[in-house]
file structure27.pdb (PDB, C-alpha atoms and all ligand atoms)
MODEL        1
ATOM      1  CA  MET A   1      26.658 149.433  61.249
ATOM      2  CA  LYS A   2      26.490 147.524  64.548
ATOM      3  CA  ILE A   3      27.921 144.011  64.323
ATOM      4  CA  PHE A   4      27.087 140.977  66.432
ATOM      5  CA  VAL A   5      28.455 137.456  66.390
ATOM      6  CA  ILE A   6      26.093 134.870  67.803
ATOM      7  CA  GLY A   7      26.585 131.181  68.482
ATOM      8  CA  ASP A   8      26.237 128.303  70.881
ATOM      9  CA  GLN A   9      29.912 127.341  71.281
ATOM     10  CA  GLU A  10      33.238 128.883  72.348
ATOM     11  CA  PHE A  11      34.008 128.959  68.628
ATOM     12  CA  ALA A  12      31.653 131.937  68.076
ATOM     13  CA  LYS A  13      32.981 133.739  71.136
ATOM     14  CA  LYS A  14      36.575 133.406  69.907
ATOM     15  CA  LEU A  15      35.516 134.552  66.446
ATOM     16  CA  ALA A  16      33.851 137.648  67.935
ATOM     17  CA  ALA A  17      37.022 138.467  69.868
ATOM     18  CA  GLY A  18      38.927 138.823  66.584
ATOM     19  CA  ILE A  19      36.492 141.289  65.009
ATOM     20  CA  PRO A  20      36.906 144.897  66.179
ATOM     21  CA  GLU A  21      33.543 146.383  67.271
ATOM     22  CA  ALA A  22      31.763 143.012  67.290
ATOM     23  CA  LYS A  23      29.705 141.967  70.290
ATOM     24  CA  PHE A  24      29.174 138.331  71.155
ATOM     25  CA  VAL A  25      25.682 137.076  71.962
ATOM     26  CA  GLU A  26      25.152 133.542  73.156
ATOM     27  CA  ILE A  27      22.536 131.114  71.893
ATOM     28  CA  ARG A  28      21.246 128.753  74.566
ATOM     29  CA  GLU A  29      19.333 125.729  73.486
ATOM     30  CA  ARG A  30      16.546 123.926  75.336
ATOM     31  CA  ILE A  31      15.386 120.519  74.280
ATOM     32  CA  PHE A  32      11.774 119.671  75.078
ATOM     33  CA  PRO A  33      10.810 116.184  76.268
ATOM     34  CA  ASP A  34       9.473 115.336  72.801
ATOM     35  CA  GLY A  35      12.832 116.202  71.208
ATOM     36  CA  GLU A  36      11.908 119.594  69.704
ATOM     37  CA  ILE A  37      14.474 122.332  70.246
ATOM     38  CA  CYS A  38      14.286 125.974  71.245
ATOM     39  CA  PRO A  39      17.496 127.919  70.488
ATOM     40  CA  ARG A  40      17.084 131.190  72.392
ATOM     41  CA  ILE A  41      19.263 134.184  71.554
ATOM     42  CA  LEU A  42      20.217 135.718  74.893
ATOM     43  CA  ILE A  43      19.509 139.375  74.134
ATOM     44  CA  GLU A  44      18.589 141.658  76.967
ATOM     45  CA  GLU A  45      17.215 144.645  75.147
ATOM     46  CA  GLU A  46      14.528 144.898  72.514
ATOM     47  CA  GLY A  47      15.587 146.172  69.108
ATOM     48  CA  LEU A  48      19.248 145.238  69.663
ATOM     49  CA  PHE A  49      19.553 143.679  66.218
ATOM     50  CA  GLN A  50      17.588 146.426  64.462
ATOM     51  CA  ASN A  51      19.570 147.399  61.325
ATOM     52  CA  ALA A  52      22.593 145.431  62.550
ATOM     53  CA  HIS A  53      24.874 142.997  60.774
ATOM     54  CA  VAL A  54      24.517 139.656  62.521
ATOM     55  CA  VAL A  55      27.016 136.856  61.987
ATOM     56  CA  VAL A  56      25.713 133.437  63.053
ATOM     57  CA  ALA A  57      28.612 131.084  63.668
ATOM     58  CA  MET A  58      27.473 127.645  64.716
ATOM     59  CA  GLN A  59      30.085 124.933  65.070
ATOM     60  CA  LEU A  60      28.852 121.354  64.725
ATOM     61  CA  GLU A  61      29.723 118.993  67.553
ATOM     62  CA  LEU A  62      30.698 115.523  66.453
ATOM     63  CA  THR A  63      28.226 113.874  68.794
ATOM     64  CA  ARG A  64      25.345 116.106  67.730
ATOM     65  CA  SER A  65      22.846 115.150  65.059
ATOM     66  CA  LYS A  66      23.427 117.191  61.898
ATOM     67  CA  ASN A  67      19.664 117.383  61.430
ATOM     68  CA  GLN A  68      19.146 118.920  64.846
ATOM     69  CA  TYR A  69      22.025 121.314  64.155
ATOM     70  CA  LEU A  70      20.345 122.349  60.915
ATOM     71  CA  ILE A  71      16.951 122.991  62.507
ATOM     72  CA  SER A  72      18.613 124.996  65.272
ATOM     73  CA  LEU A  73      20.481 127.091  62.695
ATOM     74  CA  LEU A  74      17.382 127.715  60.562
ATOM     75  CA  LEU A  75      15.255 128.688  63.577
ATOM     76  CA  THR A  76      18.015 131.073  64.641
ATOM     77  CA  ILE A  77      18.308 132.712  61.219
ATOM     78  CA  TYR A  78      14.535 133.234  60.955
ATOM     79  CA  ASN A  79      14.644 134.658  64.455
ATOM     80  CA  ILE A  80      17.443 137.132  63.682
ATOM     81  CA  LYS A  81      15.525 138.321  60.624
ATOM     82  CA  ARG A  82      12.369 138.816  62.714
ATOM     83  CA  LEU A  83      14.428 140.769  65.243
ATOM     84  CA  GLY A  84      15.287 143.287  62.531
ATOM     85  CA  ALA A  85      18.821 142.444  61.342
ATOM     86  CA  ALA A  86      19.729 144.265  58.131
ATOM     87  CA  ASN A  87      22.377 141.766  57.085
ATOM     88  CA  ILE A  88      22.870 138.129  58.042
ATOM     89  CA  THR A  89      26.041 136.133  57.522
ATOM     90  CA  CYS A  90      25.875 132.412  58.145
ATOM     91  CA  ILE A  91      29.150 130.735  59.073
ATOM     92  CA  MET A  92      28.858 126.975  58.773
ATOM     93  CA  PRO A  93      32.439 125.776  59.338
ATOM     94  CA  TYR A  94      31.543 122.266  58.143
ATOM     95  CA  HIS A  95      29.177 122.424  55.171
ATOM     96  CA  ILE A  96      26.630 119.757  56.030
ATOM     97  CA  TYR A  97      24.834 117.877  53.236
ATOM     98  CA  SER A  98      27.466 119.031  50.752
ATOM     99  CA  ARG A  99      28.356 115.503  49.694
ATOM    100  CA  GLN A 100      24.987 114.911  48.067
ATOM    101  CA  ASP A 101      25.576 117.426  45.301
ATOM    102  CA  ARG A 102      24.267 115.452  42.331
ATOM    103  CA  GLU A 103      21.807 112.720  41.463
ATOM    104  CA  THR A 104      24.049 109.676  41.147
ATOM    105  CA  ARG A 105      21.027 107.372  41.108
ATOM    106  CA  LEU A 106      17.552 108.288  39.914
ATOM    107  CA  GLY A 107      15.396 109.743  42.651
ATOM    108  CA  GLU A 108      18.189 110.926  44.936
ATOM    109  CA  PRO A 109      17.825 114.443  46.341
ATOM    110  CA  LEU A 110      20.104 117.352  45.367
ATOM    111  CA  SER A 111      20.689 117.985  49.049
ATOM    112  CA  SER A 112      23.338 120.709  48.566
ATOM    113  CA  ARG A 113      20.886 122.741  46.520
ATOM    114  CA  TYR A 114      18.014 122.204  48.944
ATOM    115  CA  LEU A 115      20.171 123.189  51.912
ATOM    116  CA  ALA A 116      21.077 126.425  50.116
ATOM    117  CA  LEU A 117      17.394 127.102  49.374
ATOM    118  CA  MET A 118      16.456 126.583  53.026
ATOM    119  CA  LEU A 119      19.151 129.008  54.224
ATOM    120  CA  GLU A 120      18.250 131.583  51.574
ATOM    121  CA  ASN A 121      14.548 131.373  52.434
ATOM    122  CA  ALA A 122      15.394 131.851  56.090
ATOM    123  CA  GLY A 123      17.072 135.137  55.142
ATOM    124  CA  ILE A 124      20.851 134.890  54.873
ATOM    125  CA  ASP A 125      22.840 137.361  52.759
ATOM    126  CA  ASN A 126      26.249 135.683  52.979
ATOM    127  CA  PHE A 127      27.271 132.057  53.451
ATOM    128  CA  LEU A 128      30.768 131.149  54.517
ATOM    129  CA  THR A 129      32.228 127.713  54.960
ATOM    130  CA  VAL A 130      35.622 126.019  54.944
ATOM    131  CA  ASN A 131      36.579 123.543  52.217
ATOM    132  CA  SER A 132      33.084 122.707  51.100
ATOM    133  CA  HIS A 133      32.788 119.347  49.424
ATOM    134  CA  SER A 134      31.056 121.287  46.643
ATOM    135  CA  TYR A 135      34.081 122.278  44.602
ATOM    136  CA  GLY A 136      35.685 121.473  41.272
ATOM    137  CA  LYS A 137      32.895 120.473  38.882
ATOM    138  CA  ASN A 138      30.137 121.236  41.408
ATOM    139  CA  PRO A 139      31.132 124.566  42.972
ATOM    140  CA  LEU A 140      29.304 126.040  45.934
ATOM    141  CA  THR A 141      28.145 128.985  43.813
ATOM    142  CA  ASP A 142      26.020 126.591  41.713
ATOM    143  CA  PHE A 143      23.881 125.864  44.754
ATOM    144  CA  PHE A 144      23.447 129.343  46.233
ATOM    145  CA  GLU A 145      21.646 131.599  43.780
ATOM    146  CA  GLN A 146      20.807 134.693  45.811
ATOM    147  CA  THR A 147      23.645 134.633  48.306
ATOM    148  CA  ASN A 148      27.276 135.561  48.342
ATOM    149  CA  ALA A 149      28.672 132.050  49.017
ATOM    150  CA  ILE A 150      32.331 131.519  49.875
ATOM    151  CA  SER A 151      34.384 128.447  50.692
ATOM    152  CA  LEU A 152      37.738 129.265  52.273
ATOM    153  CA  SER A 153      40.545 126.753  52.061
ATOM    154  CA  ALA A 154      42.306 125.613  55.216
ATOM    155  CA  ILE A 155      44.590 123.300  53.230
ATOM    156  CA  PRO A 156      47.611 125.664  53.389
ATOM    157  CA  ILE A 157      47.445 126.064  57.190
ATOM    158  CA  VAL A 158      46.941 122.348  57.648
ATOM    159  CA  ALA A 159      49.829 121.409  55.332
ATOM    160  CA  LYS A 160      52.162 123.909  57.040
ATOM    161  CA  ALA A 161      51.175 122.505  60.441
ATOM    162  CA  VAL A 162      51.986 118.973  59.251
ATOM    163  CA  LYS A 163      55.396 120.104  58.020
ATOM    164  CA  GLU A 164      56.154 121.837  61.305
ATOM    165  CA  LYS A 165      54.871 119.118  63.629
ATOM    166  CA  SER A 166      56.283 116.167  61.694
ATOM    167  CA  GLY A 167      59.832 117.455  61.848
ATOM    168  CA  ALA A 168      60.358 115.925  58.377
ATOM    169  CA  THR A 169      63.805 116.735  57.077
ATOM    170  CA  LYS A 170      63.185 115.846  53.433
ATOM    171  CA  ASP A 171      60.414 117.140  51.128
ATOM    172  CA  ILE A 172      57.029 115.635  51.967
ATOM    173  CA  LEU A 173      55.255 114.043  48.999
ATOM    174  CA  CYS A 174      51.595 115.125  48.926
ATOM    175  CA  PHE A 175      48.792 112.865  47.755
ATOM    176  CA  SER A 176      45.015 112.865  47.742
ATOM    177  CA  PRO A 177      43.310 109.528  48.398
ATOM    178  CA  ASP A 178      41.157 109.919  45.277
ATOM    179  CA  GLU A 179      41.411 111.788  41.991
ATOM    180  CA  GLY A 180      38.564 114.173  42.831
ATOM    181  CA  ALA A 181      40.704 115.734  45.553
ATOM    182  CA  ILE A 182      43.941 116.121  43.584
ATOM    183  CA  MET A 183      43.658 119.911  43.722
ATOM    184  CA  LEU A 184      43.889 119.656  47.522
ATOM    185  CA  ALA A 185      47.138 117.703  47.207
ATOM    186  CA  GLU A 186      48.430 120.342  44.803
ATOM    187  CA  GLU A 187      47.460 123.142  47.191
ATOM    188  CA  ALA A 188      49.179 121.348  50.084
ATOM    189  CA  ALA A 189      52.340 120.807  48.026
ATOM    190  CA  ASN A 190      52.428 124.495  47.049
ATOM    191  CA  ALA A 191      51.971 125.575  50.655
ATOM    192  CA  ILE A 192      54.977 123.601  51.872
ATOM    193  CA  ASN A 193      57.117 123.981  48.734
ATOM    194  CA  SER A 194      56.992 120.289  48.035
ATOM    195  CA  PRO A 195      58.109 119.377  44.525
ATOM    196  CA  PHE A 196      55.486 116.668  44.126
ATOM    197  CA  PHE A 197      51.755 115.986  44.357
ATOM    198  CA  GLY A 198      49.595 113.167  43.027
ATOM    199  CA  ALA A 199      46.425 111.171  43.542
ATOM    200  CA  ILE A 200      45.379 107.630  44.253
ATOM    201  CA  LYS A 201      42.804 106.247  41.834
ATOM    202  CA  LYS A 202      39.644 105.274  43.713
ATOM    203  CA  THR A 203      36.548 103.543  42.400
ATOM    204  CA  ARG A 204      33.377 102.909  44.374
ATOM    205  CA  ASP A 205      30.743 100.251  43.745
ATOM    206  CA  LEU A 206      27.496 102.256  43.830
ATOM    207  CA  ASN A 207      25.460  99.296  45.066
ATOM    208  CA  THR A 208      27.684  97.958  47.839
ATOM    209  CA  GLY A 209      29.555 101.200  48.578
ATOM    210  CA  GLU A 210      32.830  99.247  48.564
ATOM    211  CA  ILE A 211      35.895 101.082  47.317
ATOM    212  CA  SER A 212      39.041  99.933  45.559
ATOM    213  CA  GLN A 213      42.198 102.039  45.265
ATOM    214  CA  GLU A 214      45.415 101.824  43.285
ATOM    215  CA  LEU A 215      48.426 104.002  42.540
ATOM    216  CA  VAL A 216      48.753 104.456  38.796
ATOM    217  CA  GLY A 217      50.948 106.633  36.616
ATOM    218  CA  ILE A 218      53.188 107.794  39.490
ATOM    219  CA  ASP A 219      56.866 107.234  38.817
ATOM    220  CA  ILE A 220      58.406 108.879  41.887
ATOM    221  CA  PRO A 221      59.885 106.283  44.338
ATOM    222  CA  ILE A 222      57.936 106.006  47.610
ATOM    223  CA  GLN A 223      60.542 103.934  49.511
ATOM    224  CA  ASP A 224      61.783 105.840  52.616
ATOM    225  CA  ARG A 225      59.785 108.960  51.770
ATOM    226  CA  ASP A 226      57.523 111.047  54.011
ATOM    227  CA  ILE A 227      53.976 111.010  52.663
ATOM    228  CA  LEU A 228      51.147 113.426  53.404
ATOM    229  CA  ILE A 229      47.676 112.226  52.463
ATOM    230  CA  VAL A 230      45.285 115.141  52.398
ATOM    231  CA  ASP A 231      41.513 115.149  51.979
ATOM    232  CA  ASP A 232      38.549 117.364  52.719
ATOM    233  CA  LEU A 233      36.968 114.936  55.162
ATOM    234  CA  VAL A 234      37.150 111.564  56.840
ATOM    235  CA  SER A 235      33.989 109.665  57.688
ATOM    236  CA  SER A 236      34.346 105.861  57.833
ATOM    237  CA  GLY A 237      38.115 106.245  57.391
ATOM    238  CA  GLY A 238      38.055 103.660  54.582
ATOM    239  CA  THR A 239      39.381 106.031  51.908
ATOM    240  CA  MET A 240      42.355 107.202  54.006
ATOM    241  CA  ILE A 241      43.229 103.753  55.337
ATOM    242  CA  GLY A 242      43.026 102.230  51.838
ATOM    243  CA  ALA A 243      45.335 104.923  50.440
ATOM    244  CA  ALA A 244      47.780 104.633  53.318
ATOM    245  CA  LYS A 245      48.067 100.866  52.864
ATOM    246  CA  ILE A 246      49.364 101.419  49.348
ATOM    247  CA  PHE A 247      52.148 103.703  50.603
ATOM    248  CA  LYS A 248      53.022 101.343  53.461
ATOM    249  CA  GLN A 249      53.399  98.484  51.011
ATOM    250  CA  LEU A 250      55.694 100.638  48.905
ATOM    251  CA  GLY A 251      57.960 101.244  51.914
ATOM    252  CA  ALA A 252      57.073 104.821  52.922
ATOM    253  CA  LYS A 253      59.054 106.023  55.946
ATOM    254  CA  ALA A 254      56.268 108.053  57.563
ATOM    255  CA  ILE A 255      52.635 108.701  56.724
ATOM    256  CA  TYR A 256      50.814 111.830  57.884
ATOM    257  CA  LEU A 257      47.077 112.240  57.494
ATOM    258  CA  ALA A 258      45.507 115.662  57.236
ATOM    259  CA  TYR A 259      41.846 116.401  56.633
ATOM    260  CA  ILE A 260      39.755 119.475  57.189
ATOM    261  CA  HIS A 261      36.629 117.897  58.643
ATOM    262  CA  GLY A 262      36.658 115.024  61.117
ATOM    263  CA  VAL A 263      33.187 113.596  60.470
ATOM    264  CA  HIS A 264      34.256 110.244  61.869
ATOM    265  CA  SER A 265      32.591 108.520  64.804
ATOM    266  CA  TYR A 266      34.653 107.550  67.827
ATOM    267  CA  GLU A 267      34.860 103.951  66.514
ATOM    268  CA  ASN A 268      35.982 105.062  63.069
ATOM    269  CA  PHE A 269      38.638 107.333  64.523
ATOM    270  CA  GLN A 270      39.921 104.381  66.543
ATOM    271  CA  LYS A 271      40.364 102.475  63.277
ATOM    272  CA  LEU A 272      42.619 105.289  62.037
ATOM    273  CA  GLU A 273      44.560 105.313  65.312
ATOM    274  CA  LYS A 274      45.254 101.589  65.061
ATOM    275  CA  GLU A 275      47.028 102.098  61.728
ATOM    276  CA  GLY A 276      49.927 103.728  63.571
ATOM    277  CA  PHE A 277      50.217 106.917  61.498
ATOM    278  CA  GLN A 278      52.967 109.323  62.554
ATOM    279  CA  LEU A 279      50.499 112.213  62.681
ATOM    280  CA  ILE A 280      46.730 112.670  62.286
ATOM    281  CA  LEU A 281      45.713 116.285  61.947
ATOM    282  CA  THR A 282      42.414 118.058  61.386
ATOM    283  CA  THR A 283      40.719 121.409  62.081
ATOM    284  CA  ASP A 284      38.050 122.657  64.472
ATOM    285  CA  THR A 285      35.320 122.992  61.824
ATOM    286  CA  ILE A 286      33.745 120.195  63.859
ATOM    287  CA  LYS A 287      34.178 120.052  67.618
ATOM    288  CA  THR A 288      35.964 116.825  68.521
ATOM    289  CA  ASP A 289      37.778 115.526  71.531
ATOM    290  CA  PHE A 290      40.273 112.797  70.643
ATOM    291  CA  PRO A 291      43.577 113.056  72.568
ATOM    292  CA  SER A 292      45.687 111.708  69.697
ATOM    293  CA  LEU A 293      44.141 113.998  67.079
ATOM    294  CA  THR A 294      46.018 117.253  66.436
ATOM    295  CA  VAL A 295      43.537 120.081  65.873
ATOM    296  CA  ILE A 296      44.365 123.357  64.095
ATOM    297  CA  SER A 297      41.893 126.225  64.373
ATOM    298  CA  VAL A 298      40.257 127.862  61.371
ATOM    299  CA  ILE A 299      39.129 130.874  63.409
ATOM    300  CA  ASP A 300      41.946 133.190  62.236
ATOM    301  CA  LEU A 301      41.277 132.193  58.627
ATOM    302  CA  ILE A 302      37.578 133.065  58.958
ATOM    303  CA  ASN A 303      38.329 136.269  60.851
ATOM    304  CA  ARG A 304      40.683 137.437  58.137
ATOM    305  CA  TRP A 305      37.885 137.031  55.594
ATOM    306  CA  ILE A 306      35.346 138.821  57.818
ATOM    307  CA  ASN A 307      37.666 141.744  58.550
ATOM    308  CA  THR A 308      39.154 142.202  55.087
ATOM    309  CA  GLN A 309      36.349 141.118  52.750
ATOM    310  CA  LEU A 310      32.960 141.093  54.431
ATOM    311  CA  LEU A 311      33.233 144.255  56.500
ATOM    312  CA  GLU A 312      35.271 146.175  53.960
ATOM    313  CA  GLU A 313      32.608 145.865  51.197
TER     314      GLU A 313
HETATM  315  C1  LIG B 401      35.120 111.789  48.838
HETATM  316  O1  LIG B 401      34.768 112.327  47.816
HETATM  317  C2  LIG B 401      35.616 112.540  50.021
HETATM  318  O2  LIG B 401      36.518 113.527  49.665
HETATM  319  C3  LIG B 401      36.252 111.624  51.021
HETATM  320  O3  LIG B 401      37.384 111.034  50.447
HETATM  321  C4  LIG B 401      35.332 110.538  51.466
HETATM  322  O4  LIG B 401      34.015 111.014  51.579
HETATM  323  C5  LIG B 401      35.799 109.982  52.785
HETATM  324  O5  LIG B 401      34.877 109.048  53.236
HETATM  325  P1  LIG B 401      35.326 107.786  54.064
HETATM  326  O6  LIG B 401      36.177 108.238  55.203
HETATM  327  O7  LIG B 401      33.998 107.191  54.523
HETATM  328  O8  LIG B 401      36.025 106.848  53.138
ENDMDL
END

call {"tool": "encode", "arguments": {"input": "structure27.pdb", "output": "structure tokens"}}
result
Amino acid sequence: MKIFVIGDQEFAKKLAAGIPEAKFVEIRERIFPDGEICPRILIEEEGLFQNAHVVVAMQLELTRSKNQYLISLLLTIYNIKRLGAANITCIMPYHIYSRQDRETRLGEPLSSRYLALMLENAGIDNFLTVNSHSYGKNPLTDFFEQTNAISLSAIPIVAKAVKEKSGATKDILCFSPDEGAIMLAEEAANAINSPFFGAIKKTRDLNTGEISQELVGIDIPIQDRDILIVDDLVSSGGTMIGAAKIFKQLGAKAIYLAYIHGVHSYENFQKLEKEGFQLILTTDTIKTDFPSLTVISVIDLINRWINTQLLEE
């Protein structure tokens, strides 16, 4: 079967380069004066996608509205289907709307489920993302009913990169900044053969949104230790900064932050920078451009899955 990788960023082009036989096709977007968008797939021959496998890989840019990104993606998927593709794989490196995965207050939308419905109605066969926020008690597969939905974990590559770049000579203690993410701390610890992982206890006031954090039930000394705080994403930065303060007060020698998705605004990233962390590391699931942020690519991780799982089926 013919295979195409299409997208609007270098990300898709690099992805295509790692898939034998795949051809890259660019999407070029026009924005009309009233704000509506027209993502055109730059194909030059009719019937090119007929009976083909088309992989749509759209990377979100930090400065771009997620809603516009979503409309662009949906229009593109409908378009690929109309153009005759036999199989459509949607690669959404950062799983948007995945944080609203349950009704915490009456009347709230189940956005994760609705996003899945929209993508399925548009015609996807496979959905691939990296460290979806829908995991643990609310796995991704609960939201996609007709699609093969996969969330790859970039935690091992991120943890190994922290170990290498930090130059830490002793074992790095791995923590998550809340209990919901403890499995990420465990995965990081396993990846770098660290003997310890744990979690900070975080509670959030549902009305004000304010959080409080404390370290409970951890008996390992923090004084003079290297600490890695790992999470799926950073938005306001409040969760990471709150957790880091606890370790600073306990006399940690160095604090490294690692998160998969940098959803933070420029201002919120500056707040992280001001804390003076030894290393702040993320991935390219979202396109960012902060000189002091170390970015590790997830392209090889995704390509491995495409080449060994998707195309081998
Ligand atoms: C929470 O469940 C997530 O894993 C993150 O810890 C949280 O969403 C980060 O948000 P912020 O940076 O705004 O504290």

call {"tool": "atom_distance", "arguments": {"input": "structure27.pdb", "atom1": "atom CA of A:Arg28", "atom2": "atom CA of A:Arg40"}}
result
5.3 Å

call {"tool": "axis_aligned_box", "arguments": {"input": "structure27.pdb", "around": "ligand LIG 401 (chain B)", "padding_each_side": "8 Å", "output": "lines of an AutoDock Vina configuration file"}}
result
center_x = 35.7
center_y = 110.2
center_z = 51.5
size_x = 19.4
size_y = 22.7
size_z = 23.4

call {"tool": "residues_near_point", "arguments": {"input": "structure27.pdb", "point": "(31.5, 128.8, 53.6)", "cutoff": "6 Å", "atoms": "all atoms listed in the file", "output": "PyMOL selection string"}}
result
chain A and resi 127-130+150-151

call {"tool": "residues_near_ligand", "arguments": {"input": "structure27.pdb", "ligand": "ligand LIG 401 (chain B)", "cutoff": "6 Å", "atoms": "all atoms listed in the file", "output": "PyMOL selection string"}}
result
chain A and resi 231-239

call {"tool": "write_last_selection", "arguments": {"input": "structure27.pdb", "atoms": "C-alpha atoms", "output": "tab-separated table (two decimals), keeping the file's coordinate frame"}}
result
chain	number	residue	atom	x	y	z
A	231	ASP	CA	41.51	115.15	51.98
A	232	ASP	CA	38.55	117.36	52.72
A	233	LEU	CA	36.97	114.94	55.16
A	234	VAL	CA	37.15	111.56	56.84
A	235	SER	CA	33.99	109.66	57.69
A	236	SER	CA	34.35	105.86	57.83
A	237	GLY	CA	38.12	106.24	57.39
A	238	GLY	CA	38.06	103.66	54.58
A	239	THR	CA	39.38	106.03	51.91

call {"tool": "atom_distance", "arguments": {"input": "structure27.pdb", "atom1": "atom CA of A:Pro33", "atom2": "atom CA of A:Asn67"}}
result
17.3 Å

call {"tool": "resolve_selection", "arguments": {"input": "structure27.pdb", "expression": "the PyMOL selection byres (((chain A and resi 229) around 9) and not hetatm)", "output": "ChimeraX atom specification"}}
result
/A:173-177,185,227-228,230-231,240,243-244,255-259

call {"tool": "atom_distance", "arguments": {"input": "structure27.pdb", "atom1": "atom CA of A:Leu311", "atom2": "atom CA of A:Asn51"}}
result
14.8 Å

call {"tool": "closest_residue", "arguments": {"input": "structure27.pdb", "among": "A:Gly107, A:Pro20, A:Gly180, A:Gly251", "to": "A:Gly198", "atoms": "only C-alpha atoms"}}
result
A:Gly180

call {"tool": "resolve_selection", "arguments": {"input": "structure27.pdb", "expression": "the PyMOL selection byres (((chain A and resi 77) around 9) and not hetatm)", "output": "VMD selection string"}}
result
chain A and resid 56 72 to 76 78 to 82 88 90 119 122 to 124

call {"tool": "write_last_selection", "arguments": {"input": "structure27.pdb", "atoms": "C-alpha atoms", "output": "PDB file, in the frame of the given file"}}
result
ATOM      1  CA  VAL A  56      25.713 133.437  63.053  1.00  0.00           C
ATOM      2  CA  SER A  72      18.613 124.996  65.272  1.00  0.00           C
ATOM      3  CA  LEU A  73      20.481 127.091  62.695  1.00  0.00           C
ATOM      4  CA  LEU A  74      17.382 127.715  60.562  1.00  0.00           C
ATOM      5  CA  LEU A  75      15.255 128.688  63.577  1.00  0.00           C
ATOM      6  CA  THR A  76      18.015 131.073  64.641  1.00  0.00           C
ATOM      7  CA  TYR A  78      14.535 133.234  60.955  1.00  0.00           C
ATOM      8  CA  ASN A  79      14.644 134.658  64.455  1.00  0.00           C
ATOM      9  CA  ILE A  80      17.443 137.132  63.682  1.00  0.00           C
ATOM     10  CA  LYS A  81      15.525 138.321  60.624  1.00  0.00           C
ATOM     11  CA  ARG A  82      12.369 138.816  62.714  1.00  0.00           C
ATOM     12  CA  ILE A  88      22.870 138.129  58.042  1.00  0.00           C
ATOM     13  CA  CYS A  90      25.875 132.412  58.145  1.00  0.00           C
ATOM     14  CA  LEU A 119      19.151 129.008  54.224  1.00  0.00           C
ATOM     15  CA  ALA A 122      15.394 131.851  56.090  1.00  0.00           C
ATOM     16  CA  GLY A 123      17.072 135.137  55.142  1.00  0.00           C
ATOM     17  CA  ILE A 124      20.851 134.890  54.873  1.00  0.00           C
TER      18      ILE A 124
END

call {"tool": "closest_residue", "arguments": {"input": "structure27.pdb", "among": "A:Val298, A:Ile260, A:Ile96, A:Ala161", "to": "A:Ala116", "atoms": "all atoms listed in the file"}}
result
A:Ile96

call {"tool": "resolve_selection", "arguments": {"input": "structure27.pdb", "expression": "the PyMOL selection byres (((chain A and resi 157) around 12) and not hetatm)", "output": "ChimeraX atom specification"}}
result
/A:152-156,158-164,187-192,258-260,281-283,295-301

call {"tool": "residues_around", "arguments": {"input": "structure27.pdb", "residues": "stretch 1-7 of chain A", "least_positions_apart": "5", "cutoff": "6 Å", "atoms": "only C-alpha atoms", "output": "list in words"}}
result
Ala12, Ala16, Ala22, Lys23, Phe24, Val25, Glu26, Ile27, Ala52, His53, Val54, Val55, Val56, Ala57 and Met58 of chain A

call {"tool": "closest_residue", "arguments": {"input": "structure27.pdb", "among": "A:Lys165, A:Lys137, A:His95, A:Lys245", "to": "A:Ser212", "atoms": "all atoms listed in the file"}}
result
A:Lys245

call {"tool": "closest_residue", "arguments": {"input": "structure27.pdb", "among": "A:Lys202, A:Arg99, A:His261, A:Arg64", "to": "A:Leu140", "atoms": "only C-alpha atoms"}}
result
A:Arg99

call {"tool": "build_atoms", "arguments": {"input": "structure27.pdb", "residues": "stretch 197-203 of chain A", "atoms": "N, CA, C and O atoms", "output": "short mmCIF file (atom, residue, chain, number, x, y, z; two decimals), keeping the file's coordinate frame"}}
result
data_model
loop_
_atom_site.label_atom_id
_atom_site.label_comp_id
_atom_site.auth_asym_id
_atom_site.auth_seq_id
_atom_site.Cartn_x
_atom_site.Cartn_y
_atom_site.Cartn_z
N PHE A 197 53.09 116.35 43.88
CA PHE A 197 51.76 115.99 44.36
C PHE A 197 51.15 114.97 43.39
O PHE A 197 51.55 114.91 42.22
N GLY A 198 50.24 114.17 43.88
CA GLY A 198 49.60 113.17 43.03
C GLY A 198 48.33 112.66 43.68
O GLY A 198 47.95 113.10 44.77
N ALA A 199 47.68 111.71 43.01
CA ALA A 199 46.42 111.17 43.54
C ALA A 199 46.37 109.66 43.39
O ALA A 199 46.93 109.09 42.45
N ILE A 200 45.69 109.06 44.34
CA ILE A 200 45.38 107.63 44.25
C ILE A 200 44.11 107.51 43.41
O ILE A 200 43.24 108.38 43.46
N LYS A 201 44.03 106.46 42.63
CA LYS A 201 42.80 106.25 41.83
C LYS A 201 41.83 105.43 42.67
O LYS A 201 42.18 104.35 43.14
N LYS A 202 40.64 105.98 42.87
CA LYS A 202 39.64 105.27 43.71
C LYS A 202 38.38 105.02 42.90
O LYS A 202 37.89 105.91 42.21
N THR A 203 37.86 103.80 43.01
CA THR A 203 36.55 103.54 42.40
C THR A 203 35.61 102.98 43.47
O THR A 203 36.06 102.26 44.37
#
